[in-house]
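Visitor: Contents of model-v1.txt (compact mmCIF, C-alpha atoms):
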# COMPACT_ATOMS: atom_id res chain seq x y z
CA MET R 265 138.27 -14.79 -229.30
CA THR R 266 136.66 -11.42 -228.70
CA PRO R 267 133.63 -11.48 -226.41
CA GLU R 268 130.39 -11.37 -228.31
CA ARG R 269 128.72 -7.98 -228.48
CA PRO R 270 125.08 -7.81 -227.35
CA ASP R 271 124.04 -6.49 -230.74
CA ASP R 272 125.45 -9.58 -232.43
CA GLN R 273 122.28 -11.45 -231.62
CA PRO R 274 118.99 -11.09 -233.53
CA PHE R 275 117.38 -9.69 -230.41
CA THR R 276 118.82 -7.94 -227.39
CA GLU R 277 115.67 -8.45 -225.31
CA PRO R 278 113.15 -11.35 -225.25
CA TRP R 279 110.26 -8.98 -225.95
CA GLN R 280 111.83 -8.17 -229.32
CA ALA R 281 111.65 -11.82 -230.33
CA ARG R 282 107.97 -11.87 -229.38
CA ALA R 283 107.31 -8.64 -231.28
CA PHE R 284 109.01 -10.17 -234.30
CA ALA R 285 106.91 -13.35 -234.07
CA MET R 286 103.72 -11.34 -233.47
CA ALA R 287 104.16 -9.59 -236.80
CA VAL R 288 104.80 -12.83 -238.65
CA VAL R 289 101.72 -14.47 -237.13
CA ALA R 290 99.41 -11.45 -237.41
CA ALA R 291 100.28 -10.80 -241.05
CA ASP R 292 99.64 -14.43 -241.85
CA ARG R 293 96.29 -14.49 -240.02
CA MET R 294 95.21 -11.28 -241.75
CA GLY R 295 96.06 -12.70 -245.14
CA ALA R 296 98.48 -9.80 -245.57
CA ASP R 297 101.54 -10.01 -247.75
CA TRP R 298 104.77 -9.57 -245.80
CA ASP R 299 105.41 -6.62 -248.12
CA GLU R 300 102.49 -4.84 -246.47
CA PHE R 301 104.22 -5.10 -243.13
CA ARG R 302 107.56 -4.24 -244.70
CA ASP R 303 106.18 -1.05 -246.27
CA ARG R 304 104.87 0.12 -242.89
CA LEU R 305 108.19 -0.74 -241.28
CA LYS R 306 110.12 1.29 -243.83
CA ALA R 307 107.76 4.23 -243.29
CA ALA R 308 108.08 4.02 -239.50
CA ILE R 309 111.89 3.92 -239.75
CA ALA R 310 111.92 6.86 -242.16
CA GLU R 311 109.68 8.92 -239.89
CA GLN R 312 112.04 8.61 -236.93
CA PRO R 313 115.42 7.33 -238.12
CA ASP R 314 117.08 7.64 -234.72
CA ARG R 315 114.54 5.55 -232.88
CA SER R 316 115.29 1.92 -232.09
CA TYR R 317 114.44 -0.63 -234.76
CA TYR R 318 111.96 -2.61 -232.69
CA GLU R 319 110.06 0.48 -231.67
CA ALA R 320 109.55 1.19 -235.37
CA TRP R 321 108.60 -2.49 -235.75
CA MET R 322 105.86 -2.15 -233.14
CA ASP R 323 104.56 1.01 -234.81
CA ALA R 324 104.32 -0.85 -238.09
CA LEU R 325 102.55 -3.77 -236.47
CA GLU R 326 100.01 -1.52 -234.75
CA ARG R 327 99.23 0.20 -238.05
CA LEU R 328 98.79 -3.09 -239.84
CA ALA R 329 96.62 -4.51 -237.06
CA ASP R 330 94.41 -1.42 -237.08
CA GLU R 331 93.25 -2.53 -240.50
CA ALA R 332 92.19 -6.01 -239.44
CA GLY R 333 88.51 -6.49 -240.08
CA GLU R 334 88.54 -3.87 -242.79
CA ARG R 335 90.16 -6.20 -245.28
CA GLU R 336 88.09 -8.14 -247.80
CA GLY R 337 88.68 -11.83 -247.80
CA ALA R 338 90.82 -11.83 -244.68
CA PRO R 339 90.19 -14.54 -242.07
CA GLN R 340 87.83 -13.11 -239.51
CA PRO R 341 89.08 -12.87 -235.93
CA GLN R 342 87.90 -15.67 -233.69
CA LEU R 343 85.47 -14.60 -230.99
CA SER R 344 85.82 -16.69 -227.86
CA MET C 52 116.62 -4.16 -196.20
CA SER C 53 114.43 -5.83 -198.75
CA GLU C 54 113.34 -9.41 -198.10
CA HIS C 55 113.94 -10.30 -201.74
CA ASP C 56 117.22 -12.07 -202.31
CA HIS C 57 117.59 -10.79 -205.85
CA PRO C 58 116.69 -7.43 -207.39
CA VAL C 59 113.63 -7.40 -209.62
CA ARG C 60 114.41 -5.53 -212.82
CA PRO C 61 111.62 -3.17 -213.74
CA LYS C 62 110.14 -3.73 -217.17
CA SER C 63 111.21 -1.22 -219.80
CA PRO C 64 108.60 0.94 -221.54
CA GLN C 65 109.25 -1.02 -224.72
CA GLN C 66 108.63 -4.33 -222.97
CA LEU C 67 105.39 -3.02 -221.50
CA ARG C 68 104.35 -1.79 -224.91
CA ALA C 69 105.11 -5.19 -226.47
CA GLU C 70 103.06 -6.97 -223.79
CA ALA C 71 100.14 -4.59 -224.28
CA LEU C 72 100.36 -5.04 -228.05
CA GLU C 73 100.32 -8.81 -227.68
CA ALA C 74 97.19 -8.56 -225.53
CA VAL C 75 95.47 -6.35 -228.11
CA LEU C 76 96.40 -8.69 -230.95
CA ILE C 77 95.12 -11.69 -229.00
CA GLU C 78 91.87 -9.86 -228.34
CA LYS C 79 91.53 -9.10 -232.04
CA GLY C 80 92.05 -12.77 -232.81
CA LEU C 81 95.16 -12.02 -234.85
CA VAL C 82 97.64 -14.00 -232.76
CA SER C 83 97.68 -16.65 -230.11
CA THR C 84 100.37 -17.26 -227.53
CA ASP C 85 100.95 -20.72 -229.00
CA ALA C 86 101.44 -19.36 -232.50
CA ILE C 87 103.92 -16.77 -231.25
CA ASP C 88 105.81 -19.40 -229.27
CA ALA C 89 105.94 -21.65 -232.34
CA VAL C 90 107.43 -18.91 -234.52
CA VAL C 91 109.98 -17.97 -231.86
CA ASP C 92 110.94 -21.64 -231.63
CA GLN C 93 111.23 -21.97 -235.39
CA PHE C 94 113.54 -19.01 -235.69
CA GLN C 95 115.68 -20.13 -232.81
CA ASN C 96 115.99 -23.79 -233.70
CA GLU C 97 115.23 -24.46 -237.33
CA ILE C 98 116.60 -21.68 -239.42
CA GLY C 99 119.94 -20.06 -239.07
CA PRO C 100 123.29 -19.43 -240.76
CA GLN C 101 124.22 -23.10 -240.51
CA ASN C 102 121.96 -23.49 -243.56
CA GLY C 103 123.83 -20.95 -245.64
CA ALA C 104 127.11 -22.43 -244.46
CA ARG C 105 126.12 -25.81 -245.87
CA MET C 106 125.32 -24.18 -249.20
CA VAL C 107 128.72 -22.49 -249.25
CA ALA C 108 130.54 -25.72 -248.37
CA ARG C 109 128.60 -27.57 -251.06
CA ALA C 110 129.57 -24.93 -253.61
CA TRP C 111 133.22 -25.21 -252.61
CA VAL C 112 133.33 -28.96 -253.24
CA ASP C 113 130.84 -29.28 -256.11
CA PRO C 114 131.43 -26.99 -259.11
CA ALA C 115 128.08 -27.87 -260.66
CA TYR C 116 126.25 -26.85 -257.46
CA ARG C 117 128.29 -23.68 -257.36
CA GLU C 118 127.08 -22.81 -260.87
CA ARG C 119 123.48 -23.45 -259.91
CA LEU C 120 123.91 -21.44 -256.71
CA LEU C 121 125.17 -18.39 -258.57
CA ALA C 122 122.52 -18.73 -261.28
CA ASP C 123 119.52 -19.05 -258.92
CA GLY C 124 120.16 -18.84 -255.19
CA ALA C 125 116.60 -19.63 -254.12
CA ALA C 126 116.46 -22.79 -256.23
CA ALA C 127 119.86 -23.94 -255.00
CA ALA C 128 118.81 -23.31 -251.39
CA ALA C 129 115.59 -25.24 -251.94
CA GLU C 130 117.63 -28.18 -253.28
CA LEU C 131 119.07 -28.53 -249.79
CA GLY C 132 115.67 -28.03 -248.17
CA TYR C 133 116.05 -24.37 -247.26
CA ALA C 134 112.99 -22.42 -248.26
CA GLY C 135 110.26 -20.38 -246.67
CA ALA C 136 109.40 -16.80 -245.78
CA GLU C 137 111.76 -14.26 -247.32
CA GLY C 138 113.52 -17.01 -249.26
CA ASP C 139 111.84 -16.68 -252.63
CA HIS C 140 114.21 -14.28 -254.29
CA LEU C 141 117.81 -14.92 -253.41
CA ARG C 142 120.90 -13.98 -255.32
CA VAL C 143 124.24 -15.32 -254.20
CA VAL C 144 127.21 -13.11 -255.02
CA GLU C 145 130.69 -14.57 -255.08
CA ASN C 146 133.87 -13.10 -253.68
CA THR C 147 136.92 -13.28 -255.94
CA PRO C 148 140.48 -12.09 -255.44
CA GLY C 149 139.46 -8.81 -257.08
CA VAL C 150 135.96 -8.33 -255.68
CA HIS C 151 134.61 -8.42 -252.14
CA ASN C 152 130.86 -8.33 -251.56
CA ALA C 153 128.73 -7.30 -248.59
CA ILE C 154 124.98 -7.05 -248.08
CA VAL C 155 122.72 -4.49 -246.44
CA CYS C 156 119.12 -3.36 -246.44
CA THR C 157 119.31 0.40 -246.38
CA LEU C 158 115.60 0.99 -245.74
CA CYS C 159 114.73 -1.65 -243.17
CA SER C 160 116.26 -5.09 -242.65
CA CYS C 161 115.55 -7.35 -245.62
CA TYR C 162 117.57 -10.52 -245.22
CA PRO C 163 117.38 -14.12 -246.47
CA TRP C 164 115.83 -15.70 -243.39
CA PRO C 165 115.73 -19.35 -244.51
CA VAL C 166 119.46 -19.47 -245.14
CA LEU C 167 120.85 -17.01 -242.60
CA GLY C 168 118.19 -16.84 -239.87
CA ILE C 169 117.20 -13.51 -238.34
CA PRO C 170 119.66 -10.68 -238.85
CA PRO C 171 121.75 -9.40 -235.94
CA VAL C 172 120.75 -6.13 -234.28
CA TRP C 173 123.75 -4.32 -235.80
CA TYR C 174 122.58 -5.19 -239.34
CA LYS C 175 119.28 -3.45 -238.55
CA SER C 176 120.93 -0.39 -237.03
CA ALA C 177 120.91 3.01 -238.71
CA PRO C 178 124.72 3.37 -238.58
CA TYR C 179 125.40 0.11 -240.42
CA ARG C 180 122.67 0.70 -242.99
CA ALA C 181 124.03 4.11 -243.89
CA ARG C 182 127.78 3.66 -243.46
CA ILE C 183 128.31 0.36 -245.29
CA VAL C 184 127.16 2.12 -248.45
CA ARG C 185 128.97 5.41 -247.81
CA GLU C 186 132.25 4.13 -246.39
CA PRO C 187 132.41 0.35 -246.82
CA ARG C 188 136.14 0.01 -246.36
CA ALA C 189 136.01 1.76 -242.97
CA VAL C 190 133.08 -0.34 -241.77
CA LEU C 191 134.75 -3.57 -242.83
CA SER C 192 137.92 -2.48 -241.09
CA GLU C 193 135.91 -2.04 -237.87
CA PHE C 194 134.81 -5.63 -238.26
CA GLY C 195 138.46 -6.62 -238.51
CA LEU C 196 138.54 -7.06 -242.27
CA GLU C 197 141.32 -5.19 -244.02
CA LEU C 198 141.16 -5.41 -247.80
CA PRO C 199 143.89 -4.28 -250.20
CA GLU C 200 143.11 -1.03 -251.98
CA ASP C 201 142.91 -2.76 -255.35
CA VAL C 202 140.05 -5.03 -254.22
CA GLU C 203 136.71 -3.70 -255.42
CA ILE C 204 134.01 -3.64 -252.74
CA ARG C 205 130.44 -4.20 -253.94
CA ILE C 206 127.52 -3.50 -251.61
CA TRP C 207 124.20 -5.17 -252.44
CA ASP C 208 121.07 -3.42 -251.16
CA SER C 209 118.41 -5.97 -250.27
CA SER C 210 114.76 -5.21 -250.82
CA ALA C 211 111.36 -6.79 -251.14
CA GLU C 212 112.35 -7.85 -254.63
CA MET C 213 115.67 -9.49 -253.88
CA ARG C 214 117.72 -10.77 -250.97
CA TYR C 215 121.44 -11.46 -251.17
CA MET C 216 124.00 -13.75 -249.63
CA VAL C 217 127.77 -13.76 -250.11
CA LEU C 218 129.65 -16.82 -251.33
CA PRO C 219 133.08 -16.33 -249.73
CA MET C 220 136.28 -17.70 -251.19
CA ARG C 221 137.48 -21.01 -249.83
CA PRO C 222 140.40 -20.37 -247.48
CA GLU C 223 143.88 -21.72 -248.19
CA GLY C 224 144.92 -24.85 -246.37
CA THR C 225 141.52 -26.55 -246.44
CA ASP C 226 142.25 -29.29 -248.96
CA GLY C 227 141.03 -32.61 -247.71
CA MET C 228 138.53 -31.13 -245.28
CA SER C 229 135.10 -32.71 -245.32
CA GLU C 230 132.08 -30.74 -246.43
CA GLN C 231 130.92 -30.63 -242.82
CA GLU C 232 134.28 -29.29 -241.64
CA LEU C 233 134.22 -26.68 -244.39
CA ALA C 234 130.72 -25.58 -243.37
CA GLY C 235 132.06 -25.10 -239.85
CA LEU C 236 134.40 -22.40 -241.16
CA VAL C 237 131.58 -20.32 -242.61
CA THR C 238 130.06 -17.94 -240.11
CA ARG C 239 127.00 -15.76 -240.54
CA ASP C 240 129.21 -12.70 -240.84
CA CYS C 241 131.09 -14.28 -243.77
CA MET C 242 127.82 -14.58 -245.67
CA ILE C 243 126.81 -11.01 -244.83
CA GLY C 244 130.27 -10.09 -246.07
CA VAL C 245 131.71 -8.21 -243.10
CA THR C 246 134.35 -10.86 -242.63
CA VAL C 247 135.86 -13.84 -244.42
CA PRO C 248 136.28 -17.49 -243.40
CA ARG C 249 139.56 -18.15 -241.66
CA LEU C 250 141.23 -21.39 -240.82
CA GLU C 251 141.77 -21.29 -237.05
CA VAL C 252 145.29 -22.33 -236.22
CA ALA C 253 145.61 -24.09 -232.87
CA ALA C 254 147.94 -22.13 -230.58
Turn the structure described in the file into structure tokens.
Guide:
Amino acid sequence: MTPERPDDQPFTEPWQARAFAMAVVAADRMGADWDEFRDRLKAAIAEQPDRSYYEAWMDALERLADEAGEREGAPQPQLS
Amino acid sequence: MSEHDHPVRPKSPQQLRAEALEAVLIEKGLVSTDAIDAVVDQFQNEIGPQNGARMVARAWVDPAYRERLLADGAAAAAELGYAGAEGDHLRVVENTPGVHNAIVCTLCSCYPWPVLGIPPVWYKSAPYRARIVREPRAVLSEFGLELPEDVEIRIWDSSAEMRYMVLPMRPEGTDGMSEQELAGLVTRDCMIGVTVPRLEVAA
């Protein structure tokens, strides 16, 4: 059996798994369609095609999160 | 000499960025640590290619299920309890002696999470996304899959509208195997289409 390559896994670093989950949770809490995240991800990838995937992912998530609070009907952030 | 008995690896810029982003999102009330942990757990333990493998094995033994699988992948997946985010629109494409299929998402990483889990890093990489469309035979060869020249290769580009999964051909020599044993032959890469199921022969 050939040894498994690092890029055979979904994530090569634990922070990537957290970044992935952050987007899933944040989009859900914002009431945003996954397509809204996906569109920003595609744009971020297209802007810098040679950059690593999860860096583009974090760009997309930051852009989506910037809009929180500006969206009608979205759940409002909890204030502690 | 340092008093530490193991080196401490410095955090990468990307890791620091992810940690800062998590803090910002928590402050905005958009995520909680518990919610993130729960999603990470779900993707590590609940969903994964073992789900798709069970669908393939079922299709191999049950012709009626196979028909339903090819007609409506999402419905057939749901029959076995596999549904959820990114699972709504699924088309299963079957390999035949004359046609070999493989999937990609050329623009990002669309992938049928409920039946295959989270895609591997190579699936999300720019080289795979571009080359599997441009030079599929070469890419498949790099994965160890050599196909005769007369086999047509079809590449399916996933998108927001549709995700794909490959139904591989049942390997020779598997008559009499249970459905569970058959599922064990079907790896994630078989359902992406960069390889095919093989019966391991004990040395």
Visitor: So that each row is one residue of chain R with an atom at most 8 Å from chain C, can you give its shortest atom pair and the distance in Å to one decimal, using only C-alpha atoms, rows by chain and rising number, as JSON lines?
Guide:
{"residue": "R:Asp271", "atom": "CA", "partner": "C:Val172", "partner_atom": "CA", "distance": 4.8}
{"residue": "R:Asp272", "atom": "CA", "partner": "C:Pro171", "partner_atom": "CA", "distance": 5.1}
{"residue": "R:Gln273", "atom": "CA", "partner": "C:Pro171", "partner_atom": "CA", "distance": 4.8}
{"residue": "R:Pro274", "atom": "CA", "partner": "C:Pro171", "partner_atom": "CA", "distance": 4.0}
{"residue": "R:Phe275", "atom": "CA", "partner": "C:Val172", "partner_atom": "CA", "distance": 6.2}
{"residue": "R:Thr276", "atom": "CA", "partner": "C:Val172", "partner_atom": "CA", "distance": 7.4}
{"residue": "R:Trp279", "atom": "CA", "partner": "C:Gln66", "partner_atom": "CA", "distance": 5.8}
{"residue": "R:Gln280", "atom": "CA", "partner": "C:Ala69", "partner_atom": "CA", "distance": 7.9}
{"residue": "R:Ala281", "atom": "CA", "partner": "C:Val91", "partner_atom": "CA", "distance": 6.6}
{"residue": "R:Arg282", "atom": "CA", "partner": "C:Ile87", "partner_atom": "CA", "distance": 6.6}
{"residue": "R:Ala283", "atom": "CA", "partner": "C:Ala69", "partner_atom": "CA", "distance": 6.3}
{"residue": "R:Ala285", "atom": "CA", "partner": "C:Ile87", "partner_atom": "CA", "distance": 5.3}
{"residue": "R:Met286", "atom": "CA", "partner": "C:Ile87", "partner_atom": "CA", "distance": 5.9}
{"residue": "R:Val288", "atom": "CA", "partner": "C:Val90", "partner_atom": "CA", "distance": 7.8}
{"residue": "R:Val289", "atom": "CA", "partner": "C:Val82", "partner_atom": "CA", "distance": 6.0}
{"residue": "R:Ala290", "atom": "CA", "partner": "C:Leu81", "partner_atom": "CA", "distance": 5.0}
{"residue": "R:Arg293", "atom": "CA", "partner": "C:Leu81", "partner_atom": "CA", "distance": 5.8}
{"residue": "R:Met294", "atom": "CA", "partner": "C:Leu81", "partner_atom": "CA", "distance": 6.9}
{"residue": "R:Asp299", "atom": "CA", "partner": "C:Ala211", "partner_atom": "CA", "distance": 6.7}
{"residue": "R:Arg302", "atom": "CA", "partner": "C:Cys159", "partner_atom": "CA", "distance": 7.8}
{"residue": "R:Leu305", "atom": "CA", "partner": "C:Cys159", "partner_atom": "CA", "distance": 6.9}
{"residue": "R:Lys306", "atom": "CA", "partner": "C:Cys159", "partner_atom": "CA", "distance": 5.5}
{"residue": "R:Ile309", "atom": "CA", "partner": "C:Cys159", "partner_atom": "CA", "distance": 7.1}
{"residue": "R:Ala310", "atom": "CA", "partner": "C:Leu158", "partner_atom": "CA", "distance": 7.8}
{"residue": "R:Pro313", "atom": "CA", "partner": "C:Ala177", "partner_atom": "CA", "distance": 7.0}
{"residue": "R:Asp314", "atom": "CA", "partner": "C:Ala177", "partner_atom": "CA", "distance": 7.2}
{"residue": "R:Ser316", "atom": "CA", "partner": "C:Ser176", "partner_atom": "CA", "distance": 7.8}
{"residue": "R:Tyr317", "atom": "CA", "partner": "C:Lys175", "partner_atom": "CA", "distance": 6.8}
{"residue": "R:Glu319", "atom": "CA", "partner": "C:Gln65", "partner_atom": "CA", "distance": 7.2}
{"residue": "R:Met322", "atom": "CA", "partner": "C:Ala69", "partner_atom": "CA", "distance": 7.4}
{"residue": "R:Glu326", "atom": "CA", "partner": "C:Leu72", "partner_atom": "CA", "distance": 7.6}
{"residue": "R:Ala329", "atom": "CA", "partner": "C:Leu76", "partner_atom": "CA", "distance": 7.4}
{"residue": "R:Gln340", "atom": "CA", "partner": "C:Gly80", "partner_atom": "CA", "distance": 7.9}
{"residue": "R:Pro341", "atom": "CA", "partner": "C:Gly80", "partner_atom": "CA", "distance": 4.3}
{"residue": "R:Gln342", "atom": "CA", "partner": "C:Gly80", "partner_atom": "CA", "distance": 5.1}
{"residue": "R:Leu343", "atom": "CA", "partner": "C:Gly80", "partner_atom": "CA", "distance": 7.1}
Visitor: Please produce a file of the residues just selected, as an mmCIF file, keeping the file's coordinate frame, where the atoms kept are C-alpha atoms.
Guide:
data_model
loop_
_atom_site.group_PDB
_atom_site.id
_atom_site.type_symbol
_atom_site.label_atom_id
_atom_site.label_comp_id
_atom_site.auth_asym_id
_atom_site.auth_seq_id
_atom_site.Cartn_x
_atom_site.Cartn_y
_atom_site.Cartn_z
ATOM 1 C CA ASP R 271 124.040 -6.490 -230.740
ATOM 2 C CA ASP R 272 125.450 -9.580 -232.430
ATOM 3 C CA GLN R 273 122.280 -11.450 -231.620
ATOM 4 C CA PRO R 274 118.990 -11.090 -233.530
ATOM 5 C CA PHE R 275 117.380 -9.690 -230.410
ATOM 6 C CA THR R 276 118.820 -7.940 -227.390
ATOM 7 C CA TRP R 279 110.260 -8.980 -225.950
ATOM 8 C CA GLN R 280 111.830 -8.170 -229.320
ATOM 9 C CA ALA R 281 111.650 -11.820 -230.330
ATOM 10 C CA ARG R 282 107.970 -11.870 -229.380
ATOM 11 C CA ALA R 283 107.310 -8.640 -231.280
ATOM 12 C CA ALA R 285 106.910 -13.350 -234.070
ATOM 13 C CA MET R 286 103.720 -11.340 -233.470
ATOM 14 C CA VAL R 288 104.800 -12.830 -238.650
ATOM 15 C CA VAL R 289 101.720 -14.470 -237.130
ATOM 16 C CA ALA R 290 99.410 -11.450 -237.410
ATOM 17 C CA ARG R 293 96.290 -14.490 -240.020
ATOM 18 C CA MET R 294 95.210 -11.280 -241.750
ATOM 19 C CA ASP R 299 105.410 -6.620 -248.120
ATOM 20 C CA ARG R 302 107.560 -4.240 -244.700
ATOM 21 C CA LEU R 305 108.190 -0.740 -241.280
ATOM 22 C CA LYS R 306 110.120 1.290 -243.830
ATOM 23 C CA ILE R 309 111.890 3.920 -239.750
ATOM 24 C CA ALA R 310 111.920 6.860 -242.160
ATOM 25 C CA PRO R 313 115.420 7.330 -238.120
ATOM 26 C CA ASP R 314 117.080 7.640 -234.720
ATOM 27 C CA SER R 316 115.290 1.920 -232.090
ATOM 28 C CA TYR R 317 114.440 -0.630 -234.760
ATOM 29 C CA GLU R 319 110.060 0.480 -231.670
ATOM 30 C CA MET R 322 105.860 -2.150 -233.140
ATOM 31 C CA GLU R 326 100.010 -1.520 -234.750
ATOM 32 C CA ALA R 329 96.620 -4.510 -237.060
ATOM 33 C CA GLN R 340 87.830 -13.110 -239.510
ATOM 34 C CA PRO R 341 89.080 -12.870 -235.930
ATOM 35 C CA GLN R 342 87.900 -15.670 -233.690
ATOM 36 C CA LEU R 343 85.470 -14.600 -230.990
#
Visitor: Closest to C:Met228 among C:Val202, C:Leu250, C:Val245, C:Gly103, using only C-alpha atoms?
Guide: C:Leu250
Visitor: Taking (119.4, -29.6, -256.2) as a centre in this file's frame and 12 Å as the limit, can you find every polymer residue with an atom that close, using only C-alpha atoms, and give them as a ChimeraX atom specification?
Guide: /C:106,109-110,113,115-120,123-133
Visitor: Atom CA of R:Glu277 and atom CA of C:Val247, how far apart in Å?
Guide: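 So the two atoms, atom CA of C:Val247 and atom CA of R:Glu277, lie 28.3 Å apart.
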Visitor: Suppose you want the space between atom CA of C:Ala134 and atom CA of C:Trp164; what is it in Å?
Guide: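 Going from atom CA of C:Ala134 over to atom CA of C:Trp164, I get 8.8 Å.
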Visitor: For C:Gln231, work out the shell of residues within 9 Å, counting only C-alpha atoms and skipping chain neighbours fewer than 4 positions away, then give it as a list of chain:residue names.
Guide: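 Once the nearby chain positions are removed, what remains is C:Arg105, C:Ala108, C:Gly235.
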Visitor: So the first atom is atom CA of R:Arg304 and the second is atom CA of C:Pro64; what is the distance between them in Å, to one decimal place?
Guide: 21.7 Å
Visitor: Could you list, as a ChimeraX atom specification, every residue within 12 Å of C:Thr225, counting all atoms listed in the file and ignoring same-chain residues fewer than 2 positions away?
Guide: /C:108,111-112,220-223,227-236,248-252
Visitor: Go through R:Leu325, R:Ala296, R:Ala332, R:Ala307 and flag the residue nearest R:Phe284, using all atoms listed in the file for the distances.
Guide: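 Of all the options, R:Leu325 lies closest to R:Phe284.
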